[in-house]
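Structure file upload.csv with CSV, C-alpha atoms:
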```
chain,number,residue,atom,x,y,z
A,1,GLN,CA,3.9,-13.7,12.6
A,2,GLN,CA,1.4,-13.3,9.8
A,3,GLN,CA,-1.6,-11.5,11.2
A,4,VAL,CA,-3.7,-12.1,8.1
A,5,LYS,CA,-3.5,-15.4,6.2
A,6,GLN,CA,-4.5,-15.5,2.6
A,7,SER,CA,-5.1,-18.3,0.1
A,8,PRO,CA,-4.6,-19.4,-2.6
A,9,GLN,CA,-1.2,-18.0,-3.6
A,10,SER,CA,-2.3,-18.1,-7.2
A,11,LEU,CA,-5.5,-18.6,-9.1
A,12,ILE,CA,-6.4,-19.3,-12.7
A,13,VAL,CA,-10.0,-18.7,-13.8
A,14,GLN,CA,-11.7,-18.9,-17.1
A,15,LYS,CA,-13.3,-15.7,-18.4
A,16,GLY,CA,-16.8,-15.5,-17.1
A,17,GLY,CA,-16.1,-17.7,-14.1
A,18,ILE,CA,-16.1,-16.9,-10.4
A,19,SER,CA,-12.8,-16.1,-8.6
A,20,ILE,CA,-12.7,-16.7,-4.9
A,21,ILE,CA,-9.9,-15.6,-2.5
A,22,ASN,CA,-10.0,-16.4,1.2
A,23,CYS,CA,-8.5,-14.7,4.2
A,24,ALA,CA,-8.4,-15.5,7.9
A,25,TYR,CA,-7.3,-13.5,11.0
A,26,GLU,CA,-6.8,-14.0,14.7
A,27,ASN,CA,-6.9,-10.6,16.2
A,28,THR,CA,-10.4,-9.9,17.4
A,29,ALA,CA,-9.7,-6.2,17.6
A,30,PHE,CA,-9.7,-6.0,13.8
A,31,ASP,CA,-12.8,-4.2,12.7
A,32,TYR,CA,-12.0,-3.1,9.2
A,33,PHE,CA,-11.3,-5.4,6.3
A,34,PRO,CA,-10.4,-4.0,2.9
A,35,TRP,CA,-9.3,-5.7,-0.3
A,36,TYR,CA,-6.7,-4.1,-2.5
A,37,GLN,CA,-5.9,-4.8,-6.2
A,38,GLN,CA,-2.4,-4.3,-7.5
A,39,PHE,CA,-1.3,-4.3,-11.1
A,40,PRO,CA,2.4,-4.8,-12.0
A,41,GLY,CA,4.5,-1.7,-11.4
A,42,LYS,CA,1.7,0.0,-9.6
A,43,GLY,CA,0.7,0.6,-6.0
A,44,PRO,CA,-2.2,-1.2,-4.4
A,45,ALA,CA,-5.6,0.4,-5.0
A,46,LEU,CA,-8.6,0.0,-2.7
A,47,LEU,CA,-11.2,-2.3,-4.2
A,48,ILE,CA,-13.9,-2.8,-1.6
A,49,ALA,CA,-14.0,-3.0,2.2
A,50,ILE,CA,-16.3,-4.3,4.9
A,51,ARG,CA,-16.9,-4.0,8.6
A,52,PRO,CA,-17.9,-6.8,10.9
A,53,ASP,CA,-21.4,-5.5,11.5
A,54,VAL,CA,-22.5,-6.9,8.1
A,55,SER,CA,-21.9,-10.4,6.6
A,56,GLU,CA,-21.8,-9.3,3.0
A,57,LYS,CA,-21.0,-6.3,0.8
A,58,LYS,CA,-21.4,-6.1,-2.9
A,59,GLU,CA,-20.1,-3.5,-5.3
A,60,GLY,CA,-20.6,-4.4,-9.0
A,61,ARG,CA,-19.0,-7.8,-9.7
A,62,PHE,CA,-17.1,-7.8,-6.4
A,63,THR,CA,-18.5,-9.2,-3.2
A,64,ILE,CA,-17.0,-9.6,0.2
A,65,SER,CA,-18.4,-12.3,2.5
A,66,PHE,CA,-17.6,-12.0,6.2
A,67,ASN,CA,-17.9,-14.7,8.9
A,68,LYS,CA,-17.2,-13.1,12.2
A,69,SER,CA,-17.4,-16.3,14.3
A,70,ALA,CA,-14.9,-18.1,12.1
A,71,LYS,CA,-12.8,-15.0,11.7
A,72,GLN,CA,-12.7,-15.4,7.9
A,73,PHE,CA,-13.6,-13.2,5.0
A,74,SER,CA,-13.4,-13.8,1.3
A,75,LEU,CA,-13.5,-11.9,-2.0
A,76,HIS,CA,-15.7,-13.2,-4.9
A,77,ILE,CA,-15.3,-11.8,-8.4
A,78,MET,CA,-18.3,-12.7,-10.5
A,79,ASP,CA,-18.0,-12.9,-14.3
A,80,SER,CA,-14.2,-12.6,-14.1
A,81,GLN,CA,-12.6,-10.8,-17.0
A,82,PRO,CA,-9.0,-10.8,-18.3
A,83,GLY,CA,-8.7,-7.2,-17.1
A,84,ASP,CA,-9.2,-8.5,-13.5
A,85,SER,CA,-5.8,-10.2,-13.8
A,86,ALA,CA,-3.8,-8.7,-11.0
A,87,THR,CA,-2.6,-9.5,-7.5
A,88,TYR,CA,-5.2,-9.1,-4.7
A,89,PHE,CA,-4.4,-8.5,-1.1
A,90,CYS,CA,-6.7,-8.7,1.8
A,91,ALA,CA,-6.0,-6.6,4.9
A,92,ALA,CA,-7.2,-5.8,8.3
A,93,SER,CA,-6.9,-3.0,10.8
A,94,ALA,CA,-8.2,-2.0,14.2
A,95,GLN,CA,-10.1,1.2,14.9
A,96,THR,CA,-8.0,2.0,18.0
A,97,GLY,CA,-4.4,2.9,17.8
A,98,ALA,CA,-2.5,3.6,14.6
A,99,ASN,CA,-4.4,3.2,11.4
A,100,ASN,CA,-1.9,0.8,9.9
A,101,LEU,CA,-3.1,-2.2,7.9
A,102,PHE,CA,-1.9,-5.8,8.2
A,103,PHE,CA,-1.8,-7.3,4.7
A,104,GLY,CA,-2.2,-10.9,3.5
A,105,THR,CA,0.5,-12.3,1.3
A,106,GLY,CA,-1.4,-11.8,-1.9
A,107,THR,CA,-3.2,-13.9,-4.6
A,108,ARG,CA,-2.1,-13.6,-8.2
A,109,LEU,CA,-5.2,-14.0,-10.3
A,110,THR,CA,-5.0,-14.8,-14.0
A,111,VAL,CA,-8.2,-14.8,-16.0
A,112,ILE,CA,-7.8,-16.6,-19.3
A,113,PRO,CA,-10.0,-15.7,-22.3
B,1,ASN,CA,-6.2,15.9,-8.3
B,2,ALA,CA,-2.9,14.3,-8.0
B,3,GLY,CA,-2.6,11.1,-6.0
B,4,VAL,CA,0.3,10.0,-3.7
B,5,MET,CA,3.5,10.9,-5.5
B,6,GLN,CA,6.7,8.9,-4.8
B,7,ASN,CA,10.1,9.5,-6.3
B,8,PRO,CA,12.3,8.2,-7.6
B,9,ARG,CA,10.4,5.3,-9.2
B,10,HIS,CA,13.6,3.3,-9.4
B,11,LEU,CA,16.7,3.7,-7.3
B,12,VAL,CA,20.0,1.7,-7.5
B,13,ARG,CA,22.5,1.9,-4.7
B,14,ARG,CA,25.7,0.1,-4.0
B,15,ARG,CA,26.2,-1.6,-0.6
B,16,GLY,CA,27.1,1.0,2.0
B,17,GLN,CA,25.5,3.9,0.3
B,18,GLU,CA,22.4,5.9,1.5
B,19,ALA,CA,19.0,5.7,0.0
B,20,ARG,CA,16.5,8.5,0.2
B,21,LEU,CA,12.9,7.9,-0.8
B,22,ARG,CA,10.4,10.7,-1.0
B,23,CYS,CA,6.6,10.7,-0.7
B,24,SER,CA,4.2,13.6,-1.2
B,25,PRO,CA,0.8,12.7,0.2
B,26,MET,CA,-2.5,13.5,-1.5
B,27,LYS,CA,-3.7,17.0,-1.2
B,28,GLY,CA,-5.5,17.4,2.2
B,29,HIS,CA,-3.9,14.3,3.7
B,30,SER,CA,-1.9,14.7,6.8
B,31,HIS,CA,-1.1,11.1,7.6
B,32,VAL,CA,1.6,9.2,5.9
B,33,TYR,CA,2.5,5.5,6.1
B,34,TRP,CA,5.5,3.6,4.7
B,35,TYR,CA,5.3,-0.1,3.7
B,36,ARG,CA,7.8,-2.5,2.3
B,37,GLN,CA,7.0,-5.2,-0.2
B,38,LEU,CA,9.4,-8.0,-0.9
B,39,PRO,CA,9.0,-10.1,-4.1
B,40,GLU,CA,6.0,-12.5,-3.9
B,41,GLU,CA,5.0,-11.1,-0.4
B,42,GLY,CA,2.5,-8.8,1.0
B,43,LEU,CA,3.1,-5.3,2.2
B,44,LYS,CA,4.7,-5.0,5.6
B,45,PHE,CA,4.0,-1.9,7.7
B,46,MET,CA,7.1,0.1,8.6
B,47,VAL,CA,6.1,3.5,10.0
B,48,TYR,CA,3.2,5.9,10.4
B,49,LEU,CA,3.8,9.7,10.6
B,50,GLN,CA,1.9,12.9,10.9
B,51,LYS,CA,3.4,16.3,10.2
B,52,GLU,CA,6.5,16.6,12.4
B,53,ASN,CA,5.6,13.5,14.4
B,54,ILE,CA,6.3,9.8,14.3
B,55,ILE,CA,3.2,8.0,15.6
B,56,ASP,CA,4.2,4.4,15.2
B,57,GLU,CA,7.5,3.0,14.0
B,58,SER,CA,7.0,-0.5,15.3
B,59,GLY,CA,7.6,-2.0,11.9
B,60,MET,CA,10.8,-0.2,11.1
B,61,PRO,CA,14.2,-1.8,11.7
B,62,LYS,CA,16.0,-0.2,14.7
B,63,GLU,CA,19.2,0.5,12.9
B,64,ARG,CA,19.9,2.3,9.6
B,65,PHE,CA,16.3,3.2,8.9
B,66,SER,CA,14.7,6.5,9.7
B,67,ALA,CA,11.6,8.5,8.5
B,68,GLU,CA,10.4,12.0,8.8
B,69,PHE,CA,7.5,14.1,7.7
B,70,PRO,CA,8.5,17.8,8.1
B,71,LYS,CA,6.1,20.7,8.3
B,72,GLU,CA,7.0,21.6,4.8
B,73,GLY,CA,7.9,19.2,2.0
B,74,PRO,CA,7.6,15.5,1.4
B,75,SER,CA,8.0,12.6,3.8
B,76,ILE,CA,11.4,11.0,3.6
B,77,LEU,CA,12.4,7.4,4.3
B,78,ARG,CA,16.1,7.2,4.7
B,79,ILE,CA,18.1,4.0,4.7
B,80,GLN,CA,21.7,4.3,5.6
B,81,GLN,CA,24.5,1.9,4.7
B,82,VAL,CA,22.2,-0.2,2.5
B,83,VAL,CA,22.6,-3.9,2.2
B,84,ARG,CA,21.3,-6.3,-0.4
B,85,GLY,CA,18.5,-7.4,1.9
B,86,ASP,CA,17.1,-3.9,1.6
B,87,SER,CA,16.2,-4.4,-2.0
B,88,ALA,CA,12.4,-4.2,-2.2
B,89,ALA,CA,9.6,-2.0,-3.3
B,90,TYR,CA,8.8,0.7,-0.8
B,91,PHE,CA,5.3,2.1,-0.9
B,92,CYS,CA,4.0,5.2,0.7
B,93,ALA,CA,0.3,5.7,1.5
B,94,SER,CA,-1.6,8.7,2.8
B,95,SER,CA,-5.0,9.2,4.5
B,96,PRO,CA,-7.1,12.2,5.7
B,97,GLN,CA,-7.1,13.0,9.4
B,98,TYR,CA,-7.1,9.8,11.4
B,99,GLY,CA,-10.3,9.0,13.2
B,100,GLN,CA,-12.7,9.6,10.4
B,101,ASP,CA,-14.1,6.2,9.9
B,102,ASN,CA,-10.8,4.4,9.3
B,103,SER,CA,-10.0,6.7,6.4
B,104,PRO,CA,-8.8,4.4,3.5
B,105,LEU,CA,-5.2,4.5,2.6
B,106,HIS,CA,-4.2,5.7,-0.9
B,107,PHE,CA,-1.0,4.3,-2.1
B,108,GLY,CA,1.6,5.7,-4.4
B,109,ASN,CA,3.3,3.6,-7.2
B,110,GLY,CA,6.3,2.9,-5.0
B,111,THR,CA,10.0,3.2,-5.2
B,112,ARG,CA,11.9,0.1,-6.3
B,113,LEU,CA,15.2,0.0,-4.5
B,114,THR,CA,17.9,-2.3,-5.9
B,115,VAL,CA,21.1,-2.7,-3.9
B,116,THR,CA,24.1,-4.0,-5.9
```

Translate this structure into structure tokens?
Amino acid sequence: QQQVKQSPQSLIVQKGGISIINCAYENTAFDYFPWYQQFPGKGPALLIAIRPDVSEKKEGRFTISFNKSAKQFSLHIMDSQPGDSATYFCAASAQTGANNLFFGTGTRLTVIP
Amino acid sequence: NAGVMQNPRHLVRRRGQEARLRCSPMKGHSHVYWYRQLPEEGLKFMVYLQKENIIDESGMPKERFSAEFPKEGPSILRIQQVVRGDSAAYFCASSPQYGQDNSPLHFGNGTRLTVT
């Protein structure tokens, strides 16, 4: 079963707008929540990550919001640019055990000029 | 400061042949992970290895698939007797020694396997 559920599947945003991608999880053992950005023909690259002890983390135009009680987290891209057009994956992993990540199914973001 | 290197980038095999995918982790990384990505889907964990040890292979099919990470040389993902359903992008990732604050995974650019 899908351990991490991601929506929307695709997203079109005007340049300068805000892109919002949402993820939800069930496993309360998850304690590390990264977001990856993937361009066509490339591997995923770590964008930003958060732990459940904070509710928000911001790095430049990218912000993760985390709601522990709802088991949800989201990525906000402020002032979206055409260069942000890519597929974004949320993921989750647990500290204990193997360090493998469970990925969402991805959101294809298109930022139009 | 080379990243994770995967080769070949593209691999075409006929049904029944063997596919070998190679992955050299980042310098200083001793943990290797293999993921499979089907079109329009996320990455699915397959196997997690350290040098000469398989730590977790819970995501790998029981038959035809095997992985190794020898003391010397790259990690190898081997698929025997490939079928069309094996067509996918296979990504390798590496991280520093496990336990250090959930060391982030660094991914290679993948090997795209096509089975004809």

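The nearest approach to Arg112 of chain B among the residues B:Gly85, B:Pro61, B:Pro8, B:Gly28, with all atoms listed in the file taken into account, belongs to B:Pro8.
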
Checklist entry - Can you tell me, as a VMD selection string, what residues are no more than 12 Å from Ile77 of chain A when counting only C-alpha atoms, ignoring any on the same chain fewer than 4 positions away? => result chain A and resid 11 13 to 22 35 37 47 to 48 58 to 65 81 to 85 88 109 111

Chain A contacts to chain B at 8 Å (all atoms listed in the file) as a tab-separated table (two decimals) with C-alpha atoms, in the coordinates of the input:
```tsv
chain	number	residue	atom	x	y	z
A	32	TYR	CA	-12.00	-3.10	9.20
A	41	GLY	CA	4.50	-1.70	-11.40
A	42	LYS	CA	1.70	0.00	-9.60
A	43	GLY	CA	0.70	0.60	-6.00
A	44	PRO	CA	-2.20	-1.20	-4.40
A	45	ALA	CA	-5.60	0.40	-5.00
A	46	LEU	CA	-8.60	0.00	-2.70
A	89	PHE	CA	-4.40	-8.50	-1.10
A	95	GLN	CA	-10.10	1.20	14.90
A	98	ALA	CA	-2.50	3.60	14.60
A	99	ASN	CA	-4.40	3.20	11.40
A	100	ASN	CA	-1.90	0.80	9.90
A	101	LEU	CA	-3.10	-2.20	7.90
A	102	PHE	CA	-1.90	-5.80	8.20
A	103	PHE	CA	-1.80	-7.30	4.70
A	104	GLY	CA	-2.20	-10.90	3.50
A	105	THR	CA	0.50	-12.30	1.30
A	106	GLY	CA	-1.40	-11.80	-1.90
```

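As for atom CA of Met5 of chain B and atom CA of Pro25 of chain B, they are spaced 6.6 Å apart.
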
Next on the checklist: One number please: atom CA of Ile12 of chain A to atom CA of Pro34 of chain A, in Å, one decimal.
Outcome noted: 22.2 Å

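A straight line drawn from atom CA of Arg64 of chain B to atom CA of Cys23 of chain B is 18.8 Å long.
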
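Among the candidates B:Ser94, B:Ser87, B:Thr116, B:Gln17, the residue lying nearest to Arg36 of chain B is B:Ser87 (atoms considered: all atoms listed in the file).
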
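Nearest-residue note for Phe66 of chain A: choosing from A:Gln38, A:Gln3, A:Ser93, A:Asp31, the minimum distance belongs to A:Asp31, counting all atoms listed in the file.
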
Next on the checklist: So that I can see what lies close to Lys51 of chain B, please list as a list in words the residues with an atom at most 6 Å from it, counting all atoms listed in the file and leaving out residues fewer than 6 positions away in the same chain.
Outcome noted: Phe69, Pro70 and Lys71 of chain B

Checklist entry - Within 6 Å of Leu113 of chain B, counting all atoms listed in the file, which residues qualify if same-chain residues fewer than 2 places away don't, as a count of residues only? => result 4

Next on the checklist: I'd like the neighbourhood of Lys71 of chain A as a ChimeraX atom specification, where a residue qualifies if any of its atoms comes within 7 Å (using only C-alpha atoms), though same-chain residues fewer than 3 positions away should be ignored.
Outcome noted: /A:24-26,67-68

Checklist entry - Using only C-alpha atoms, what residues lie at most 12 Å away from (16.2, 2.5, 11.4) (file coordinates), given as a PyMOL selection string? => result chain B and resi 46-47+57-68+77-82+86

Would you save the residues of that selection, restricted to C-alpha atoms, as a compact mmCIF listing (two decimals), in the frame of the given file?
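Saved as result.txt:
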```txt
# COMPACT_ATOMS: atom_id res chain seq x y z
CA MET B 46 7.10 0.10 8.60
CA VAL B 47 6.10 3.50 10.00
CA GLU B 57 7.50 3.00 14.00
CA SER B 58 7.00 -0.50 15.30
CA GLY B 59 7.60 -2.00 11.90
CA MET B 60 10.80 -0.20 11.10
CA PRO B 61 14.20 -1.80 11.70
CA LYS B 62 16.00 -0.20 14.70
CA GLU B 63 19.20 0.50 12.90
CA ARG B 64 19.90 2.30 9.60
CA PHE B 65 16.30 3.20 8.90
CA SER B 66 14.70 6.50 9.70
CA ALA B 67 11.60 8.50 8.50
CA GLU B 68 10.40 12.00 8.80
CA LEU B 77 12.40 7.40 4.30
CA ARG B 78 16.10 7.20 4.70
CA ILE B 79 18.10 4.00 4.70
CA GLN B 80 21.70 4.30 5.60
CA GLN B 81 24.50 1.90 4.70
CA VAL B 82 22.20 -0.20 2.50
CA ASP B 86 17.10 -3.90 1.60
```

Checklist outcome for this item: If you count only C-alpha atoms, the residue of A:Cys23, A:Thr28, A:Ser55, A:Ala94 closest to Gln9 of chain A turns out to be A:Cys23

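Taking all atoms listed in the file into account, Ile50 of chain A lies nearest to A:Ala92 out of the set A:Ser69, A:Ala29, A:Ala86, A:Ala92.
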
Taking the block just given, write segment 10-31 of chain B to a file that holds N, CA, C and O atoms, as a PDB file, in the first residue's frame.
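Written out: selection.pdb:
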```pdb
ATOM      1  N   HIS B  10      21.322   4.092 -20.402  1.00  0.00           N
ATOM      2  CA  HIS B  10      20.227   3.403 -21.089  1.00  0.00           C
ATOM      3  C   HIS B  10      20.670   1.975 -21.382  1.00  0.00           C
ATOM      4  O   HIS B  10      21.823   1.750 -21.765  1.00  0.00           O
ATOM      5  N   LEU B  11      19.742   1.056 -21.211  1.00  0.00           N
ATOM      6  CA  LEU B  11      20.053  -0.352 -21.431  1.00  0.00           C
ATOM      7  C   LEU B  11      18.849  -0.995 -22.095  1.00  0.00           C
ATOM      8  O   LEU B  11      17.726  -0.906 -21.581  1.00  0.00           O
ATOM      9  N   VAL B  12      19.096  -1.632 -23.228  1.00  0.00           N
ATOM     10  CA  VAL B  12      18.025  -2.341 -23.922  1.00  0.00           C
ATOM     11  C   VAL B  12      18.336  -3.825 -23.879  1.00  0.00           C
ATOM     12  O   VAL B  12      19.443  -4.243 -24.242  1.00  0.00           O
ATOM     13  N   ARG B  13      17.383  -4.603 -23.448  1.00  0.00           N
ATOM     14  CA  ARG B  13      17.544  -6.052 -23.376  1.00  0.00           C
ATOM     15  C   ARG B  13      16.311  -6.716 -23.969  1.00  0.00           C
ATOM     16  O   ARG B  13      15.195  -6.203 -23.868  1.00  0.00           O
ATOM     17  N   ARG B  14      16.545  -7.880 -24.565  1.00  0.00           N
ATOM     18  CA  ARG B  14      15.419  -8.684 -25.050  1.00  0.00           C
ATOM     19  C   ARG B  14      14.936  -9.577 -23.919  1.00  0.00           C
ATOM     20  O   ARG B  14      15.687  -9.907 -22.981  1.00  0.00           O
ATOM     21  N   ARG B  15      13.689  -9.926 -23.995  1.00  0.00           N
ATOM     22  CA  ARG B  15      13.121 -10.830 -22.990  1.00  0.00           C
ATOM     23  C   ARG B  15      13.998 -12.063 -22.814  1.00  0.00           C
ATOM     24  O   ARG B  15      14.441 -12.661 -23.798  1.00  0.00           O
ATOM     25  N   GLY B  16      14.258 -12.410 -21.574  1.00  0.00           N
ATOM     26  CA  GLY B  16      15.051 -13.588 -21.275  1.00  0.00           C
ATOM     27  C   GLY B  16      16.529 -13.306 -21.052  1.00  0.00           C
ATOM     28  O   GLY B  16      17.246 -14.151 -20.505  1.00  0.00           O
ATOM     29  N   GLN B  17      16.993 -12.120 -21.458  1.00  0.00           N
ATOM     30  CA  GLN B  17      18.391 -11.778 -21.242  1.00  0.00           C
ATOM     31  C   GLN B  17      18.612 -11.281 -19.813  1.00  0.00           C
ATOM     32  O   GLN B  17      17.681 -11.093 -19.039  1.00  0.00           O
ATOM     33  N   GLU B  18      19.866 -11.070 -19.483  1.00  0.00           N
ATOM     34  CA  GLU B  18      20.216 -10.544 -18.167  1.00  0.00           C
ATOM     35  C   GLU B  18      20.555  -9.060 -18.273  1.00  0.00           C
ATOM     36  O   GLU B  18      21.144  -8.619 -19.265  1.00  0.00           O
ATOM     37  N   ALA B  19      20.176  -8.317 -17.247  1.00  0.00           N
ATOM     38  CA  ALA B  19      20.530  -6.903 -17.169  1.00  0.00           C
ATOM     39  C   ALA B  19      21.398  -6.683 -15.935  1.00  0.00           C
ATOM     40  O   ALA B  19      21.083  -7.181 -14.851  1.00  0.00           O
ATOM     41  N   ARG B  20      22.493  -5.946 -16.131  1.00  0.00           N
ATOM     42  CA  ARG B  20      23.372  -5.592 -15.016  1.00  0.00           C
ATOM     43  C   ARG B  20      23.482  -4.083 -14.935  1.00  0.00           C
ATOM     44  O   ARG B  20      23.921  -3.443 -15.884  1.00  0.00           O
ATOM     45  N   LEU B  21      23.121  -3.545 -13.787  1.00  0.00           N
ATOM     46  CA  LEU B  21      23.148  -2.119 -13.578  1.00  0.00           C
ATOM     47  C   LEU B  21      24.192  -1.812 -12.510  1.00  0.00           C
ATOM     48  O   LEU B  21      24.234  -2.480 -11.471  1.00  0.00           O
ATOM     49  N   ARG B  22      25.015  -0.811 -12.768  1.00  0.00           N
ATOM     50  CA  ARG B  22      26.122  -0.505 -11.877  1.00  0.00           C
ATOM     51  C   ARG B  22      25.941   0.846 -11.191  1.00  0.00           C
ATOM     52  O   ARG B  22      25.407   1.782 -11.785  1.00  0.00           O
ATOM     53  N   CYS B  23      26.452   0.926  -9.988  1.00  0.00           N
ATOM     54  CA  CYS B  23      26.337   2.157  -9.209  1.00  0.00           C
ATOM     55  C   CYS B  23      27.592   2.356  -8.375  1.00  0.00           C
ATOM     56  O   CYS B  23      27.945   1.496  -7.566  1.00  0.00           O
ATOM     57  N   SER B  24      28.245   3.494  -8.582  1.00  0.00           N
ATOM     58  CA  SER B  24      29.371   3.881  -7.734  1.00  0.00           C
ATOM     59  C   SER B  24      28.902   4.993  -6.816  1.00  0.00           C
ATOM     60  O   SER B  24      28.497   6.062  -7.295  1.00  0.00           O
ATOM     61  N   PRO B  25      28.925   4.776  -5.504  1.00  0.00           N
ATOM     62  CA  PRO B  25      28.421   5.798  -4.582  1.00  0.00           C
ATOM     63  C   PRO B  25      29.343   7.005  -4.533  1.00  0.00           C
ATOM     64  O   PRO B  25      30.454   6.986  -5.054  1.00  0.00           O
ATOM     65  N   MET B  26      28.842   8.048  -3.913  1.00  0.00           N
ATOM     66  CA  MET B  26      29.670   9.231  -3.697  1.00  0.00           C
ATOM     67  C   MET B  26      30.859   8.869  -2.831  1.00  0.00           C
ATOM     68  O   MET B  26      30.786   7.971  -1.992  1.00  0.00           O
ATOM     69  N   LYS B  27      31.939   9.596  -3.023  1.00  0.00           N
ATOM     70  CA  LYS B  27      33.145   9.355  -2.243  1.00  0.00           C
ATOM     71  C   LYS B  27      32.824   9.500  -0.754  1.00  0.00           C
ATOM     72  O   LYS B  27      32.169  10.466  -0.334  1.00  0.00           O
ATOM     73  N   GLY B  28      33.236   8.515   0.009  1.00  0.00           N
ATOM     74  CA  GLY B  28      33.007   8.564   1.443  1.00  0.00           C
ATOM     75  C   GLY B  28      31.694   7.958   1.886  1.00  0.00           C
ATOM     76  O   GLY B  28      31.433   7.832   3.079  1.00  0.00           O
ATOM     77  N   HIS B  29      30.848   7.573   0.935  1.00  0.00           N
ATOM     78  CA  HIS B  29      29.566   6.963   1.278  1.00  0.00           C
ATOM     79  C   HIS B  29      29.701   5.439   1.270  1.00  0.00           C
ATOM     80  O   HIS B  29      30.216   4.867   0.318  1.00  0.00           O
ATOM     81  N   SER B  30      29.184   4.818   2.322  1.00  0.00           N
ATOM     82  CA  SER B  30      29.299   3.370   2.417  1.00  0.00           C
ATOM     83  C   SER B  30      27.939   2.675   2.376  1.00  0.00           C
ATOM     84  O   SER B  30      27.870   1.465   2.557  1.00  0.00           O
ATOM     85  N   HIS B  31      26.882   3.464   2.167  1.00  0.00           N
ATOM     86  CA  HIS B  31      25.538   2.890   2.132  1.00  0.00           C
ATOM     87  C   HIS B  31      24.953   3.128   0.749  1.00  0.00           C
ATOM     88  O   HIS B  31      25.024   4.237   0.221  1.00  0.00           O
TER      89      HIS B  31
END
```
